[in-house]
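Trainee: Submitted below is the structure of interest, expressed as structure tokens.
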Protein chains: 2
Amino acid sequence: MNDAPHTHAPVQAVLDHLCATRADAHGRLMDFLRIPSVSAQPAHAADCRRAADWARDEFAAIGFSVRIVETAGHPVVLAQYPGPGGEAPHVLYYGHYDVQPAEPFDLWTSPPFDPVIVQGRHGPRVVARGAVDDKGQVMMWLDAFRAWHDVAGGPPARITVVLEGEEEVGSPNLEPFLRAHADALRADVAVISDTGMWDIDTPAITTRLRGLVYTEIRVRGPVRDLHSGLFGGSALNPINALTRILGDLHDAEGRVTLPGFYDGVAEISPAQAAEWARLGFDETEFLGEIGLREPAGEHGRGGLDRMWARPTADINGIWGGYQGAGAKTVIASQAGAKVSFRLVAGQDPARILESFRAFVAARAPADLAVEIDSFGMAPGFEVAAGNPFVSLARQVLAEEYGRDAVLIGSGGSIPVVESLRRILGLDTLLMGFGLADDQVHSPNEKFDLRCLDHGTNAHARFLGALAR
Amino acid sequence: MNDAPHTHAPVQAVLDHLCATRADAHGRLMDFLRIPSVSAQPAHAADCRRAADWARDEFAAIGFSVRIVETAGHPVVLAQYPGPGGEAPHVLYYGHYDVQPAEPFDLWTSPPFDPVIVQGRHGPRVVARGAVDDKGQVMMWLDAFRAWHDVAGGPPARITVVLEGEEEVGSPNLEPFLRAHADALRADVAVISDTGMWDIDTPAITTRLRGLVYTEIRVRGPVRDLHSGLFGGSALNPINALTRILGDLHDAEGRVTLPGFYDGVAEISPAQAAEWARLGFDETEFLGEIGLREPAGEHGRGGLDRMWARPTADINGIWGGYQGAGAKTVIASQAGAKVSFRLVAGQDPARILESFRAFVAARAPADLAVEIDSFGMAPGFEVAAGNPFVSLARQVLAEEYGRDAVLIGSGGSIPVVESLRRILGLDTLLMGFGLADDQVHSPNEKFDLRCLDHGTNAHARFLGALAR
């Protein structure tokens with residue numbers, strides 16, 4: 001699909017304008033990055049509001065109607081552009097103006113809120129907290145809107161922007177906001193740029209995210225800790241029981257043994273399998289960086305399949321009895337563990353939780369008191385292969401990069417994607433331009449300007465393609 | 001065996017003398033209890049020495065040659081009496097003059113080192129720290145020696161006494177002492193009174209103690225903690241692996257699955273089984289006191305069998321990953337557990353440890369780095385059913401109580417018994433007179449005078465029986 005350019009006028013004019021105004025765009029990003037909008041730290045509450053105000057002014061300057069919507073926490077910037085009307089689609093852009101705390105400061109090579117452009121292996125890069133997550137990626141589509149405004153009076157689509165200020169603290173007030181403004185927000189598709197490329201030359205669309213069921217299991221045997229000599233052989237040991245239960249979570253082939261666990265899990269298509277095979281993912285190298293040599297998980301499957309398209313079970317923590325130095329001959333009264341399941345599309349989180357409860361109950365001795373709490377549940381996410389917005393995005397990415405974009409997955413979750421689907425019924429196009437070495441959430445966060453500029457172009461092209 | 005009295009003169013004369021001098025005996029115990037010989041607390045070091053001196057003087061007063069032997073800690077009182085010579089056996093009496101700390105003081109109904117005699121449900125009892133553990137039980141045999149001295153010029157046996165002052169802190173200097181004085185200590189049998197009766201009316205000899213292999217296992221997977229979404233399905237989770245290994249320690253019948261674990265483990269004799277059955281042990285009541293209803297451990301066996309005559313495996317502690325509130329989606333780098341095995345006579349601790357290492361190695365994924373440390377090993381202990389000193393003790397207990405003594409076990413260990421066997425080749429006769437409600441190591445420790453007086457008589461009878 002990259003054999004013939006699909007860019008009509010005025011797309012080329014928009015791209016030319018972007019090219020001619022790069023320095024201004026970079027300067028605006030630097031301004032945005034100078035605002036230390038750390039949502040987790042109360043001392044930066046005013047900075048968060050300053051970032052929201054700054055963004056509001058940006059949208060206002062390019063013809064959007066925009067307002068600051070108060071929440072129980074940091075405010076949301078809600079901006080809207082009516083578009084040309086008619087058949088033009090309605091696209092919801094989601095991003096966040098807040099950033100992670102910058103600590104530890106002493107590991108930064110330059111101050112985190114004093115952005116600098118330095119030379120990296122792929123050319124110049126901007127270094128600052130929020131460079132890629134998510135201010136830089138927000139500025140890509142904001143500047144695409146601006147270029148369309150400057151060249152053609154505005155983007156050729158109806159646009160709604162939700163720019164929140166609490167993504168880095170778990171978006172506690174986003175769902176109430178989405179519910180309260182559901183009518184205004186119910187677009188044809190959502191677009192988020194908060195993910196990554198496959199590599200510097202290979203654009204990617206993330207079409208799969210894994211969901212999560214996270215539980216805490218607490219078990220109790222005797223009412224008090226016991227002497228393991230005097231009671232061992234008669235008294236139930238809750239740690240023995242817990243390891244026996246949890247040790248049974250996987251079979252010898254690495255499959256999760258919960259009854260019905262794989263119900264609804266589809267195999268990836270041959271086309272998808274072939275595309276991932278072409279990526280040449282080297283799992284040995286991937287594991288080598290964390291000191292491992294052999295993949296864990298289900299036997300007989302590729303690494304990307306296991307991490308992107310297959311569900312898993314992991315014990316994230318475990319505790320009980322004596323954890324100090326040396327020996328203490330105790331049978332503990334209590335023990336516990338954190339047990340979570342990564343889910344893929346097609347699995348029902350509530351049924352997985354029920355299956356886990358039944359799995360434990362079937363294996364727990366009669367005297368073992370068991371409590372299982374759940375900390376939130378999210379289903380896996382997958383954009384249908386035929387989604388027209390994904391197809392459009394693949395086209396424009398191919399035009400921008402001269403090579404096909406790959407459809408990738410992520411083993412993790414992006415809760416807002418799940419919220420958008422559940423509350424607004426929206427699919428999300430995850431078109432992101434970060435790289436694996438961007439130091440997200442770490443000192444010296446950076447964003448390569450090559451990624452930033454291509455990403456801005458791609459967003460401008462995407463808007464143009466919407467009008468075709 | 002309790003149908004005809006076996007007490008010849010002068011045993012009856014000795015018993016009569018003991019009966020006539022009870023008040024003096026009780027007074028001496030009160031004097032001993034007034035010395036706060038808390039071995040764990042440096043502030044009481046001089047009191048420990050005072051207790052040793054007090055005991056030295058007691059032995060000297062009844063014709064023993066006695067000296068204080070210095071150690072790296074509190075001294076040992078070493079007393080010897082040559083006996084009548086000829087065929088008379090040589091008996092080593094072991095006891096300890098040190099006591100546990102008395103804290104928390106505010107839970108005592110009377111000051112711990114100001115002994116009082118109060119009325120209990122079995123008559124008068126002495127309340128003080130050390131009343132039964134072990135000063136009261138030491139005074140039983142010391143007063144038996146005294147009565148023999150007063151009535152017949154001395155006991156009818158060669159006697160060596162080792163009275164140490166560090167039992168409550170793990171006897172760190174006892175083994176060097178035993179080695180240094182091995183020639184003098186190599187008796188025909190050791191006698192210890194630091195255990196209990198079955199109940200107030202039923203004397204008991206403890207003929208079985210379980211040994212112990214105590215290990216710590218530490219496992220490591222990736223070199224750092226990982227995001228469970230981004231790595232789950234590829235990276236080895238060490239907690240998953242640890243629970244899978246440890247969850248396999250028991251089979252569905254509650255048996256320990258280590259290869260060779262039961263090698264050398266003998267079934268109890270039908271006679272022993274019948275004797276234990278007659279005790280009427282109510283395991284449901286025993287477990288009810290700790291909030292449990294059903295016995296754990298090997299299926300199809302009695303509770304006393306499981307606790308006294310069968311080996312066990314218990315996980316005494318486990319840790320790894322996130323143990324805080326709520327959710328953290330982490331694959332931990334490391335995890336660990338304390339795993340111990342209670343052993344019975346016939347099992348080789350070194351082979352059990354090797355079997356555990358092999359068991360773990362056979363189940364550990366190739367990438368799991370495993371370290372296993374061992375914190376000491378002790379074999380199980382069992383006095384042979386035909387041991388002549390046990391037979392003698394049963395006879396004299398039957399004479400004293402008018403009912404048979406039972407041969408019981410203890411699920412725990414008494415390290416000195418193992419040391420005496422290993423270093424001196426001695427069997428130990430564990431003839432103790434404590435009760436389950438004596439509050440050993442707790443506030444308001446007590447010793448019923450009925451137990452004290454019967455125990456003193458039993459020791460006097462035992463000495464007489466040695467001469468027969």
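Ordering of the structure tokens sets the chain letters (A, B, ...), residue numbers begin anew at 1 in every chain, and ligands are numbered from 1 in the order given.
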Report as a PDB file with C-alpha atoms, in the first residue's frame all protein, DNA and RNA residues lying within 10 Å of Ala147 of chain A, evaluated on only C-alpha atoms, omitting residues in the same chain fewer than 3 positions from it.
Mentor:
ATOM      1  CA  VAL A  11      -2.456  17.475   2.721  1.00  0.00           C
ATOM      2  CA  ALA A  13       0.351  21.894   1.763  1.00  0.00           C
ATOM      3  CA  VAL A  14      -0.215  21.034   5.416  1.00  0.00           C
ATOM      4  CA  LEU A  15       2.930  18.878   5.475  1.00  0.00           C
ATOM      5  CA  ASP A  16       4.896  21.657   3.809  1.00  0.00           C
ATOM      6  CA  HIS A  17       3.657  24.095   6.425  1.00  0.00           C
ATOM      7  CA  LEU A  18       4.653  21.725   9.213  1.00  0.00           C
ATOM      8  CA  CYS A  19       8.076  21.389   7.655  1.00  0.00           C
ATOM      9  CA  THR A  21       7.429  25.704  11.094  1.00  0.00           C
ATOM     10  CA  ILE A  62      -6.525  27.500  16.548  1.00  0.00           C
ATOM     11  CA  TRP A 141      -1.699  15.986  17.082  1.00  0.00           C
ATOM     12  CA  LEU A 142      -2.095  19.495  18.475  1.00  0.00           C
ATOM     13  CA  ASP A 143       0.415  20.724  15.878  1.00  0.00           C
ATOM     14  CA  ALA A 144      -1.317  18.716  13.165  1.00  0.00           C
ATOM     15  CA  ASP A 150      -3.189  27.604   9.316  1.00  0.00           C
ATOM     16  CA  VAL A 151      -3.405  26.096   5.834  1.00  0.00           C
ATOM     17  CA  ALA A 152      -7.099  25.193   5.424  1.00  0.00           C
ATOM     18  CA  GLY A 153      -8.930  26.994   8.216  1.00  0.00           C
ATOM     19  CA  GLY A 154      -9.230  23.836  10.293  1.00  0.00           C
ATOM     20  CA  PRO A 155      -9.010  20.030  10.283  1.00  0.00           C
ATOM     21  CA  THR A 456       3.158  15.071  13.694  1.00  0.00           C
ATOM     22  CA  ASN A 457       3.176  14.464   9.945  1.00  0.00           C
ATOM     23  CA  ALA A 460      -1.718  15.534   9.757  1.00  0.00           C
TER      24      ALA A 460
END
Trainee: Do a neighbour search on Gly260 of chain A at 10 Å with only C-alpha atoms, toss out local chain neighbours closer than 3 positions, and write the hits as a PyMOL selection string.
Mentor: chain A and resi 256-257+263-264+347+351-352+355
Trainee: To test your reading of the structure, identify every residue in segment 162-390 of chain B that backbone DSSP assigns to helix (DSSP H, G or I), and report it as JSON, numbers by chain.
Mentor: {"B": [167, 168, 169, 174, 175, 176, 177, 178, 179, 180, 182, 183, 184, 185, 228, 229, 230, 231, 238, 239, 240, 241, 242, 243, 244, 245, 246, 270, 271, 272, 273, 274, 275, 276, 277, 278, 283, 284, 285, 286, 287, 288, 303, 304, 305, 306, 307, 308, 309, 349, 350, 351, 352, 353, 354, 355, 356, 357, 358, 359, 360, 361, 362, 363, 388, 389, 390]}
Trainee: Neighbours of Leu258 of chain B within 12 Å (only C-alpha atoms; same-chain residues fewer than 4 positions away dropped), as number ranges by chain?
Mentor: B: 245-246, 248-251, 262-263, 311-313, 341, 351-363
Trainee: Write the residues you've just listed into a file as a PDB file, in the first residue's frame, and include C-alpha atoms for each of them.
Mentor:
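Saved result, result.pdb, follows:
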ATOM      1  CA  ILE B 245       8.232 -26.733  43.830  1.00  0.00           C
ATOM      2  CA  LEU B 246       7.066 -26.433  47.441  1.00  0.00           C
ATOM      3  CA  ASP B 248       4.721 -30.651  45.546  1.00  0.00           C
ATOM      4  CA  LEU B 249       6.215 -31.496  48.973  1.00  0.00           C
ATOM      5  CA  HIS B 250       3.170 -33.541  49.987  1.00  0.00           C
ATOM      6  CA  ASP B 251       1.052 -36.005  48.067  1.00  0.00           C
ATOM      7  CA  TYR B 262      10.647 -42.560  54.916  1.00  0.00           C
ATOM      8  CA  ASP B 263      13.724 -44.786  54.599  1.00  0.00           C
ATOM      9  CA  PRO B 311       8.371 -37.196  60.211  1.00  0.00           C
ATOM     10  CA  THR B 312       6.875 -34.043  58.727  1.00  0.00           C
ATOM     11  CA  ALA B 313       7.654 -31.213  56.329  1.00  0.00           C
ATOM     12  CA  PHE B 341      11.648 -31.367  58.323  1.00  0.00           C
ATOM     13  CA  ARG B 351      20.448 -37.640  53.502  1.00  0.00           C
ATOM     14  CA  ILE B 352      17.172 -35.773  54.044  1.00  0.00           C
ATOM     15  CA  LEU B 353      18.913 -32.492  53.252  1.00  0.00           C
ATOM     16  CA  GLU B 354      20.451 -34.004  50.131  1.00  0.00           C
ATOM     17  CA  SER B 355      17.101 -35.392  49.078  1.00  0.00           C
ATOM     18  CA  PHE B 356      15.519 -31.952  49.482  1.00  0.00           C
ATOM     19  CA  ARG B 357      18.251 -30.389  47.374  1.00  0.00           C
ATOM     20  CA  ALA B 358      17.699 -32.997  44.677  1.00  0.00           C
ATOM     21  CA  PHE B 359      13.918 -32.578  44.919  1.00  0.00           C
ATOM     22  CA  VAL B 360      14.258 -28.841  44.297  1.00  0.00           C
ATOM     23  CA  ALA B 361      16.814 -29.270  41.530  1.00  0.00           C
ATOM     24  CA  ALA B 362      14.567 -31.752  39.725  1.00  0.00           C
ATOM     25  CA  ARG B 363      11.698 -29.229  39.718  1.00  0.00           C
TER      26      ARG B 363
END
Trainee: For segment 217-228 of chain B, find every residue with an atom within 8 Å (counting only C-alpha atoms), except residues of its own chain fewer than 3 positions away, and show them as a PyMOL selection string.
Mentor: (chain A and resi 290-292+314+316+412) or (chain B and resi 231-232+235-238+242+329-339+367-373)
Trainee: Rank B:Gly73, B:Gly95, B:Gly288, B:Gly86 by their smallest atom-to-atom distance to chain A, using only C-alpha atoms, and report the top residue only.
Mentor: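 The answer is B:Gly288, which sits nearest to chain A.
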Trainee: What is the atom CA of Pro176 of chain A-atom CA of Ala43 of chain A distance in Å, reported with one decimal?
Mentor: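 These atoms are spaced 24.8 Å apart.
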Trainee: Nearest to Trp308 of chain A: which of B:Pro101, B:Pro379, B:Gly229, B:Gly434 is it, counting only C-alpha atoms?
Mentor: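 Smallest separation from Trp308 of chain A among the options: B:Gly229.
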Trainee: If you run DSSP on the backbone, which residues of segment 11-197 of chain B are strand (DSSP E or B), as a count of residues only?
Mentor: 42
Trainee: What does the structure give for the distance between atom CA of Val161 of chain B and atom CA of Val417 of chain B, in Å to one decimal?
Mentor: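 Calculated distance between atom CA of Val161 of chain B and atom CA of Val417 of chain B is 14.8 Å.
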Trainee: Which distance in Å separates atom CA of Ala79 of chain A and atom CA of Arg67 of chain A, to one decimal?
Mentor: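 Between atom CA of Ala79 of chain A and atom CA of Arg67 of chain A the gap works out to 6.5 Å.
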Trainee: For chain B, which residue out of A:Val132, A:Ala436, A:Leu279, A:Val416 is the nearest one, using only C-alpha atoms?
Mentor: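 With only C-alpha atoms as the atom set, the closest residue is A:Ala436.
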